[in-house]
Amino acid sequence: MLGYFNTLSNWGRWGNDDELGTLNHITDDVRLAAVRAVRHGRSVSCAWEVAVPEEMERSTTTCPCAADMPGAENMPLPGFRNDRHWGYSNERLGILFHGNTITHVDSPCHIFWDGTMYNGRSHSLVDAATGSAWAAVTAAANGIVTRGVLLDIAKVRDVPWLEPGQGVFPEDLEEAERRQGVRVRAGDAVLLRTGYGRVRHEAGATSGFTQAGWHASCLPWLHEREVALIGADTPQDVQPSGYDDMAMPVHTVGLVAMGLWLLDNCDLEACATTAAELGQWDFHLAVAPIRFAGTSGSPVNPIATF
C-alpha cells in the first residue's frame, strides 16, 4: 500500500503548478456526456440536512419591524427609518464540516504525508490565519459537474447494509457494474453505497470510528479508470483500515499522491431508490463548493439528476 504513493502518483501529470488533481479528468466532453445522462429530468439531493444547533453554532437575529431596530433613526435611507411593515431575520453560523456527519468535499490540501501535500507542496503553505495557499477548495470554484455513477454494494451483496468494518474491494465494484449495466469511465464521479444511510435514517448517526467503506485496494482501480471524484455514504475509508501504519489510506494516498477529491458522508438513499426505480445508475452530478478562501473543503449539497 505504501508503494501506491509512487505507482499511483499524479504529481506533475498536469504540470507542476496543478492544484486540480483528478478533476482534470473532467473535460468539456465529459461534461457534455454528463448532460446526456439526464433522461428523466428527476433531481435528488445526496446530502444530509445539517442539524441545528447540534452540528452548528448558530446565532439568529430577528427584527419584525426594521424601523424598531437600534440605530434605525440614523440610517441614511428614509425608507428604512419609516417603514413600519418590513422586517428581517439573519444568522451567524459556525460549522466544523470535516468529520463523520456533514456532507462535504475534501480538497487536496486536507491531508499531508511526511509534511507534504499533493504535487509535492509543503504543509507550510497552510497558515493558521489565512488557510491554505495551495490546492484549497477554491481550486474547484467553477464547480464539479460530471457524470455520476452509483455503485450499490449493499444491493450487490444482497444485504440491507454493510456491517461496520466491512471493506469494499475492486471485485465488488466490477460486480456492481455488471449487475447494474453500467461502466465507470474517465472523468466520472463514483458514489459508493454501503447502506449506512439507511442505518442513519432508521437509528441515527453512530459514534466512533468503525465503519464500512472503500478498501485501499480500490485505489489502483480508481487510478486506472481515471475517476475524478469519489463519494460514499460513510467518510470513505473502511475502519479499521487493515494497515497498522495508516488509519486512512484512501484519504491519504488519494488526496496526497493522486489529488483525488473526496465527497464524504453522502446520503445516497434517495439516489439509490431513484436509480432502482428508473433502472438507471448513471446521472448528471453537480457539486458546488462554497468559495471559502484557503479552506481544505466545503459543505456541499450534491445534486444527482436522472
# chains A, B, ... in the order shown; residues from 1 in each chain; ligands from 1
>>> closest_atom_pairs(of="segment 250-296 of chain A", to="segment 121-138 of chain A", cutoff="9 Å", atoms="only C-alpha atoms", output="JSON lines")
{"residue": "A:Gly259", "atom": "CA", "partner": "A:Ala135", "partner_atom": "CA", "distance": 8.9}
{"residue": "A:Pro289", "atom": "CA", "partner": "A:Val137", "partner_atom": "CA", "distance": 7.0}
{"residue": "A:Ile290", "atom": "CA", "partner": "A:Thr138", "partner_atom": "CA", "distance": 7.9}
{"residue": "A:Arg291", "atom": "CA", "partner": "A:Thr138", "partner_atom": "CA", "distance": 5.3}
{"residue": "A:Phe292", "atom": "CA", "partner": "A:Thr138", "partner_atom": "CA", "distance": 6.7}
{"residue": "A:Ala293", "atom": "CA", "partner": "A:Thr138", "partner_atom": "CA", "distance": 6.4}
{"residue": "A:Gly294", "atom": "CA", "partner": "A:Ser132", "partner_atom": "CA", "distance": 4.4}
{"residue": "A:Thr295", "atom": "CA", "partner": "A:Ala136", "partner_atom": "CA", "distance": 5.4}
{"residue": "A:Ser296", "atom": "CA", "partner": "A:Ala136", "partner_atom": "CA", "distance": 5.3}
>>> write_last_selection(atoms="N, CA, C and O atoms", output="PDB file, in the first residue's frame")
ATOM      1  N   GLY A 259      -4.239  13.339  -5.837  1.00  0.00           N
ATOM      2  CA  GLY A 259      -5.042  14.553  -5.987  1.00  0.00           C
ATOM      3  C   GLY A 259      -6.496  14.203  -6.227  1.00  0.00           C
ATOM      4  O   GLY A 259      -7.218  14.922  -6.921  1.00  0.00           O
ATOM      5  N   PRO A 289     -18.850  23.596  -4.395  1.00  0.00           N
ATOM      6  CA  PRO A 289     -18.279  24.019  -3.115  1.00  0.00           C
ATOM      7  C   PRO A 289     -18.438  25.528  -2.913  1.00  0.00           C
ATOM      8  O   PRO A 289     -18.385  26.311  -3.862  1.00  0.00           O
ATOM      9  N   ILE A 290     -18.620  25.921  -1.667  1.00  0.00           N
ATOM     10  CA  ILE A 290     -18.616  27.346  -1.339  1.00  0.00           C
ATOM     11  C   ILE A 290     -17.186  27.869  -1.460  1.00  0.00           C
ATOM     12  O   ILE A 290     -16.238  27.193  -1.063  1.00  0.00           O
ATOM     13  N   ARG A 291     -17.033  29.058  -2.015  1.00  0.00           N
ATOM     14  CA  ARG A 291     -15.686  29.586  -2.270  1.00  0.00           C
ATOM     15  C   ARG A 291     -15.080  30.204  -1.008  1.00  0.00           C
ATOM     16  O   ARG A 291     -14.779  31.391  -0.947  1.00  0.00           O
ATOM     17  N   PHE A 292     -14.881  29.358  -0.003  1.00  0.00           N
ATOM     18  CA  PHE A 292     -14.200  29.789   1.214  1.00  0.00           C
ATOM     19  C   PHE A 292     -12.704  29.862   0.925  1.00  0.00           C
ATOM     20  O   PHE A 292     -12.078  28.836   0.639  1.00  0.00           O
ATOM     21  N   ALA A 293     -12.119  31.032   1.014  1.00  0.00           N
ATOM     22  CA  ALA A 293     -10.707  31.200   0.681  1.00  0.00           C
ATOM     23  C   ALA A 293      -9.826  30.357   1.592  1.00  0.00           C
ATOM     24  O   ALA A 293      -9.942  30.417   2.815  1.00  0.00           O
ATOM     25  N   GLY A 294      -8.959  29.566   0.979  1.00  0.00           N
ATOM     26  CA  GLY A 294      -7.938  28.842   1.719  1.00  0.00           C
ATOM     27  C   GLY A 294      -8.400  27.654   2.524  1.00  0.00           C
ATOM     28  O   GLY A 294      -7.633  27.122   3.321  1.00  0.00           O
ATOM     29  N   THR A 295      -9.634  27.194   2.338  1.00  0.00           N
ATOM     30  CA  THR A 295     -10.117  26.084   3.158  1.00  0.00           C
ATOM     31  C   THR A 295      -9.840  24.732   2.504  1.00  0.00           C
ATOM     32  O   THR A 295      -9.695  24.613   1.291  1.00  0.00           O
ATOM     33  N   SER A 296      -9.797  23.704   3.344  1.00  0.00           N
ATOM     34  CA  SER A 296      -9.469  22.349   2.898  1.00  0.00           C
ATOM     35  C   SER A 296     -10.695  21.572   2.452  1.00  0.00           C
ATOM     36  O   SER A 296     -10.633  20.361   2.267  1.00  0.00           O
TER      37      SER A 296
END
>>> residues_around(residues="Leu219 of chain A", least_positions_apart="5", cutoff="8 Å", atoms="only C-alpha atoms", output="JSON, numbers by chain")
{"A": [8, 250, 254]}
>>> write_last_selection(atoms="C-alpha atoms", output="tab-separated table (two decimals), in the first residue's frame")
chain	number	residue	atom	x	y	z
A	8	LEU	CA	-0.45	5.97	-8.34
A	250	VAL	CA	-7.92	6.19	0.83
A	254	GLY	CA	-6.00	9.61	-2.66
>>> closest_residue(among="A:Leu23, A:Val145, A:Val182, A:Val253", to="Gly279 of chain A", atoms="only C-alpha atoms")
A:Val182
>>> select_by_dssp(residues="segment 7-213 of chain A", states="alpha helix (DSSP H)", output="number ranges by chain")
A: 7, 28-36, 78-82, 153-156, 170-180, 196-203
>>> write_last_selection(atoms="N, CA, C and O atoms", output="short mmCIF file (atom, residue, chain, number, x, y, z; two decimals), in the first residue's frame")
data_model
loop_
_atom_site.label_atom_id
_atom_site.label_comp_id
_atom_site.auth_asym_id
_atom_site.auth_seq_id
_atom_site.Cartn_x
_atom_site.Cartn_y
_atom_site.Cartn_z
N THR A 7 3.39 4.49 -7.39
CA THR A 7 2.75 3.91 -8.57
C THR A 7 1.47 4.62 -8.98
O THR A 7 1.08 4.58 -10.15
N ASP A 28 -14.40 19.06 -21.19
CA ASP A 28 -15.65 19.56 -21.77
C ASP A 28 -16.49 18.41 -22.32
O ASP A 28 -17.72 18.41 -22.17
N ASP A 29 -15.84 17.44 -22.95
CA ASP A 29 -16.58 16.30 -23.49
C ASP A 29 -17.22 15.47 -22.39
O ASP A 29 -18.33 14.95 -22.56
N VAL A 30 -16.53 15.36 -21.26
CA VAL A 30 -17.10 14.63 -20.13
C VAL A 30 -18.33 15.34 -19.60
O VAL A 30 -19.35 14.71 -19.28
N ARG A 31 -18.29 16.66 -19.52
CA ARG A 31 -19.46 17.42 -19.05
C ARG A 31 -20.63 17.28 -20.02
O ARG A 31 -21.79 17.14 -19.61
N LEU A 32 -20.34 17.30 -21.32
CA LEU A 32 -21.40 17.11 -22.31
C LEU A 32 -22.02 15.72 -22.19
O LEU A 32 -23.23 15.55 -22.30
N ALA A 33 -21.18 14.72 -21.94
CA ALA A 33 -21.69 13.36 -21.74
C ALA A 33 -22.56 13.29 -20.50
O ALA A 33 -23.55 12.55 -20.45
N ALA A 34 -22.20 14.06 -19.47
CA ALA A 34 -22.99 14.08 -18.24
C ALA A 34 -24.38 14.64 -18.52
O ALA A 34 -25.37 14.17 -17.97
N VAL A 35 -24.45 15.65 -19.35
CA VAL A 35 -25.75 16.22 -19.71
C VAL A 35 -26.62 15.18 -20.40
O VAL A 35 -27.83 15.08 -20.16
N ARG A 36 -26.00 14.35 -21.24
CA ARG A 36 -26.76 13.32 -21.96
C ARG A 36 -27.25 12.21 -21.04
O ARG A 36 -28.11 11.41 -21.43
N PRO A 78 -34.44 57.06 4.15
CA PRO A 78 -35.70 57.31 4.88
C PRO A 78 -36.62 56.10 4.89
O PRO A 78 -37.33 55.87 5.87
N GLY A 79 -36.58 55.31 3.83
CA GLY A 79 -37.46 54.14 3.76
C GLY A 79 -37.22 53.17 4.91
O GLY A 79 -38.16 52.59 5.45
N PHE A 80 -35.96 53.02 5.31
CA PHE A 80 -35.66 52.14 6.42
C PHE A 80 -36.12 52.76 7.75
O PHE A 80 -36.53 52.06 8.66
N ARG A 81 -36.00 54.07 7.86
CA ARG A 81 -36.38 54.72 9.11
C ARG A 81 -37.89 54.72 9.32
O ARG A 81 -38.37 54.68 10.45
N ASN A 82 -38.63 54.77 8.23
CA ASN A 82 -40.07 54.98 8.33
C ASN A 82 -40.93 53.75 8.06
O ASN A 82 -42.12 53.74 8.40
N ILE A 153 -23.29 -1.33 -3.37
CA ILE A 153 -22.62 -2.56 -2.92
C ILE A 153 -23.52 -3.34 -1.96
O ILE A 153 -23.50 -4.58 -1.97
N ALA A 154 -24.31 -2.65 -1.16
CA ALA A 154 -25.25 -3.38 -0.29
C ALA A 154 -26.22 -4.21 -1.13
O ALA A 154 -26.53 -5.36 -0.79
N LYS A 155 -26.70 -3.64 -2.21
CA LYS A 155 -27.62 -4.36 -3.10
C LYS A 155 -26.91 -5.54 -3.77
O LYS A 155 -27.48 -6.63 -3.90
N VAL A 156 -25.68 -5.32 -4.18
CA VAL A 156 -24.91 -6.39 -4.82
C VAL A 156 -24.70 -7.56 -3.87
O VAL A 156 -24.78 -8.73 -4.26
N PRO A 170 -12.17 -4.11 -5.25
CA PRO A 170 -12.38 -3.96 -6.69
C PRO A 170 -13.36 -4.95 -7.28
O PRO A 170 -14.14 -4.60 -8.18
N GLU A 171 -13.36 -6.18 -6.80
CA GLU A 171 -14.31 -7.18 -7.34
C GLU A 171 -15.75 -6.79 -7.04
O GLU A 171 -16.67 -7.10 -7.82
N ASP A 172 -15.98 -6.09 -5.92
CA ASP A 172 -17.32 -5.60 -5.62
C ASP A 172 -17.73 -4.52 -6.62
O ASP A 172 -18.88 -4.48 -7.08
N LEU A 173 -16.79 -3.65 -6.96
CA LEU A 173 -17.09 -2.57 -7.91
C LEU A 173 -17.45 -3.15 -9.28
O LEU A 173 -18.43 -2.71 -9.91
N GLU A 174 -16.72 -4.15 -9.71
CA GLU A 174 -16.97 -4.73 -11.03
C GLU A 174 -18.24 -5.57 -11.04
O GLU A 174 -18.94 -5.62 -12.06
N GLU A 175 -18.55 -6.19 -9.94
CA GLU A 175 -19.82 -6.94 -9.86
C GLU A 175 -20.99 -5.96 -9.89
O GLU A 175 -22.03 -6.24 -10.52
N ALA A 176 -20.85 -4.82 -9.23
CA ALA A 176 -21.90 -3.81 -9.27
C ALA A 176 -22.08 -3.29 -10.69
O ALA A 176 -23.22 -3.11 -11.17
N GLU A 177 -20.99 -3.04 -11.38
CA GLU A 177 -21.08 -2.62 -12.78
C GLU A 177 -21.85 -3.65 -13.61
O GLU A 177 -22.73 -3.30 -14.40
N ARG A 178 -21.50 -4.91 -13.41
CA ARG A 178 -22.12 -5.97 -14.20
C ARG A 178 -23.62 -6.06 -13.93
O ARG A 178 -24.43 -6.10 -14.86
N ARG A 179 -23.99 -6.05 -12.67
CA ARG A 179 -25.41 -6.19 -12.32
C ARG A 179 -26.22 -4.96 -12.70
O ARG A 179 -27.40 -5.07 -13.05
N GLN A 180 -25.62 -3.80 -12.62
CA GLN A 180 -26.35 -2.56 -12.87
C GLN A 180 -26.29 -2.14 -14.34
O GLN A 180 -26.97 -1.19 -14.74
N TYR A 196 -25.13 2.51 4.85
CA TYR A 196 -25.09 3.19 6.14
C TYR A 196 -26.14 4.30 6.21
O TYR A 196 -26.66 4.61 7.29
N GLY A 197 -26.47 4.90 5.08
CA GLY A 197 -27.50 5.92 5.08
C GLY A 197 -28.82 5.40 5.61
O GLY A 197 -29.55 6.10 6.33
N ARG A 198 -29.14 4.15 5.29
CA ARG A 198 -30.37 3.54 5.81
C ARG A 198 -30.28 3.39 7.32
O ARG A 198 -31.26 3.66 8.04
N VAL A 199 -29.12 2.95 7.79
CA VAL A 199 -28.93 2.82 9.24
C VAL A 199 -29.14 4.18 9.92
O VAL A 199 -29.83 4.29 10.93
N ARG A 200 -28.56 5.20 9.32
CA ARG A 200 -28.63 6.53 9.93
C ARG A 200 -30.05 7.07 9.90
O ARG A 200 -30.49 7.72 10.86
N HIS A 201 -30.80 6.80 8.84
CA HIS A 201 -32.19 7.23 8.79
C HIS A 201 -33.03 6.52 9.85
O HIS A 201 -33.92 7.12 10.46
N GLU A 202 -32.75 5.24 10.06
CA GLU A 202 -33.58 4.45 10.97
C GLU A 202 -33.17 4.58 12.43
O GLU A 202 -34.03 4.52 13.31
N ALA A 203 -31.86 4.73 12.69
CA ALA A 203 -31.40 4.71 14.08
C ALA A 203 -30.58 5.92 14.48
O ALA A 203 -30.20 6.05 15.65
#
>>> closest_residue(among="A:Trp113, A:Trp14, A:Trp86, A:Phe97", to="Leu263 of chain A", atoms="only C-alpha atoms")
A:Phe97
>>> residues_around(residues="His85 of chain A", least_positions_apart="4", cutoff="9 Å", atoms="only C-alpha atoms", output="PyMOL selection string")
chain A and resi 64-67
>>> write_last_selection(atoms="N, CA and C atoms", output="mmCIF file, in the first residue's frame")
data_model
loop_
_atom_site.group_PDB
_atom_site.id
_atom_site.type_symbol
_atom_site.label_atom_id
_atom_site.label_comp_id
_atom_site.auth_asym_id
_atom_site.auth_seq_id
_atom_site.Cartn_x
_atom_site.Cartn_y
_atom_site.Cartn_z
ATOM 1 N N PRO A 64 -38.881 42.024 13.686
ATOM 2 C CA PRO A 64 -40.176 42.035 12.994
ATOM 3 C C PRO A 64 -40.441 43.331 12.246
ATOM 4 N N CYS A 65 -39.923 44.423 12.760
ATOM 5 C CA CYS A 65 -40.130 45.720 12.105
ATOM 6 C C CYS A 65 -38.793 46.455 12.067
ATOM 7 N N ALA A 66 -38.254 46.655 10.859
ATOM 8 C CA ALA A 66 -36.926 47.247 10.729
ATOM 9 C C ALA A 66 -36.854 48.629 11.357
ATOM 10 N N ALA A 67 -37.965 49.351 11.391
ATOM 11 C CA ALA A 67 -37.948 50.702 11.960
ATOM 12 C C ALA A 67 -37.662 50.691 13.453
#
>>> select_by_dssp(residues="segment 92-298 of chain A", states="strand (DSSP E)", output="count of residues only")
44
>>> atom_distance(atom1="atom CA of Cys63 of chain A", atom2="atom CA of Tyr88 of chain A")
5.3 Å
>>> atom_distance(atom1="atom CA of Trp214 of chain A", atom2="atom CA of Ala232 of chain A")
8.2 Å
>>> closest_residue(among="A:Trp48, A:Phe112, A:Phe306, A:Phe209", to="Gln280 of chain A", atoms="only C-alpha atoms")
A:Phe306
>>> atom_distance(atom1="atom CA of Val105 of chain A", atom2="atom CA of Thr274 of chain A")
22.9 Å
>>> decode(residues="segment 242-258 of chain A", atoms="N, CA and C atoms", output="PDB file, in the first residue's frame")
ATOM      1  N   GLY A 242      -7.077  -1.864   8.103  1.00  0.00           N
ATOM      2  CA  GLY A 242      -6.300  -3.053   7.801  1.00  0.00           C
ATOM      3  C   GLY A 242      -4.806  -2.796   7.737  1.00  0.00           C
ATOM      4  N   TYR A 243      -4.412  -1.528   7.951  1.00  0.00           N
ATOM      5  CA  TYR A 243      -2.992  -1.155   7.900  1.00  0.00           C
ATOM      6  C   TYR A 243      -2.618  -0.462   9.208  1.00  0.00           C
ATOM      7  N   ASP A 244      -1.697  -1.061   9.935  1.00  0.00           N
ATOM      8  CA  ASP A 244      -1.337  -0.519  11.242  1.00  0.00           C
ATOM      9  C   ASP A 244      -0.718   0.865  11.153  1.00  0.00           C
ATOM     10  N   ASP A 245      -0.030   1.160  10.042  1.00  0.00           N
ATOM     11  CA  ASP A 245       0.719   2.405   9.941  1.00  0.00           C
ATOM     12  C   ASP A 245      -0.031   3.521   9.230  1.00  0.00           C
ATOM     13  N   MET A 246      -1.276   3.260   8.816  1.00  0.00           N
ATOM     14  CA  MET A 246      -2.037   4.314   8.165  1.00  0.00           C
ATOM     15  C   MET A 246      -3.516   4.095   8.413  1.00  0.00           C
ATOM     16  N   ALA A 247      -4.109   5.002   9.141  1.00  0.00           N
ATOM     17  CA  ALA A 247      -5.515   4.840   9.515  1.00  0.00           C
ATOM     18  C   ALA A 247      -6.458   5.078   8.347  1.00  0.00           C
ATOM     19  N   MET A 248      -6.087   6.006   7.443  1.00  0.00           N
ATOM     20  CA  MET A 248      -6.985   6.385   6.354  1.00  0.00           C
ATOM     21  C   MET A 248      -6.241   6.369   5.021  1.00  0.00           C
ATOM     22  N   PRO A 249      -5.942   5.201   4.486  1.00  0.00           N
ATOM     23  CA  PRO A 249      -5.154   5.147   3.245  1.00  0.00           C
ATOM     24  C   PRO A 249      -5.870   5.729   2.038  1.00  0.00           C
ATOM     25  N   VAL A 250      -7.201   5.615   1.969  1.00  0.00           N
ATOM     26  CA  VAL A 250      -7.916   6.187   0.831  1.00  0.00           C
ATOM     27  C   VAL A 250      -7.824   7.704   0.868  1.00  0.00           C
ATOM     28  N   HIS A 251      -8.016   8.287   2.040  1.00  0.00           N
ATOM     29  CA  HIS A 251      -7.828   9.729   2.184  1.00  0.00           C
ATOM     30  C   HIS A 251      -6.382  10.122   1.874  1.00  0.00           C
ATOM     31  N   THR A 252      -5.440   9.394   2.451  1.00  0.00           N
ATOM     32  CA  THR A 252      -4.044   9.828   2.397  1.00  0.00           C
ATOM     33  C   THR A 252      -3.442   9.649   1.010  1.00  0.00           C
ATOM     34  N   VAL A 253      -3.497   8.440   0.482  1.00  0.00           N
ATOM     35  CA  VAL A 253      -2.963   8.208  -0.865  1.00  0.00           C
ATOM     36  C   VAL A 253      -3.790   8.961  -1.895  1.00  0.00           C
ATOM     37  N   GLY A 254      -5.126   8.945  -1.706  1.00  0.00           N
ATOM     38  CA  GLY A 254      -5.997   9.606  -2.661  1.00  0.00           C
ATOM     39  C   GLY A 254      -5.707  11.093  -2.770  1.00  0.00           C
ATOM     40  N   LEU A 255      -5.696  11.788  -1.647  1.00  0.00           N
ATOM     41  CA  LEU A 255      -5.518  13.241  -1.679  1.00  0.00           C
ATOM     42  C   LEU A 255      -4.072  13.648  -1.951  1.00  0.00           C
ATOM     43  N   VAL A 256      -3.122  13.002  -1.286  1.00  0.00           N
ATOM     44  CA  VAL A 256      -1.728  13.436  -1.390  1.00  0.00           C
ATOM     45  C   VAL A 256      -1.090  12.982  -2.697  1.00  0.00           C
ATOM     46  N   ALA A 257      -1.188  11.705  -3.023  1.00  0.00           N
ATOM     47  CA  ALA A 257      -0.499  11.182  -4.207  1.00  0.00           C
ATOM     48  C   ALA A 257      -1.286  11.403  -5.486  1.00  0.00           C
ATOM     49  N   MET A 258      -2.597  11.156  -5.436  1.00  0.00           N
ATOM     50  CA  MET A 258      -3.407  11.195  -6.642  1.00  0.00           C
ATOM     51  C   MET A 258      -4.076  12.538  -6.884  1.00  0.00           C
TER      52      MET A 258
END
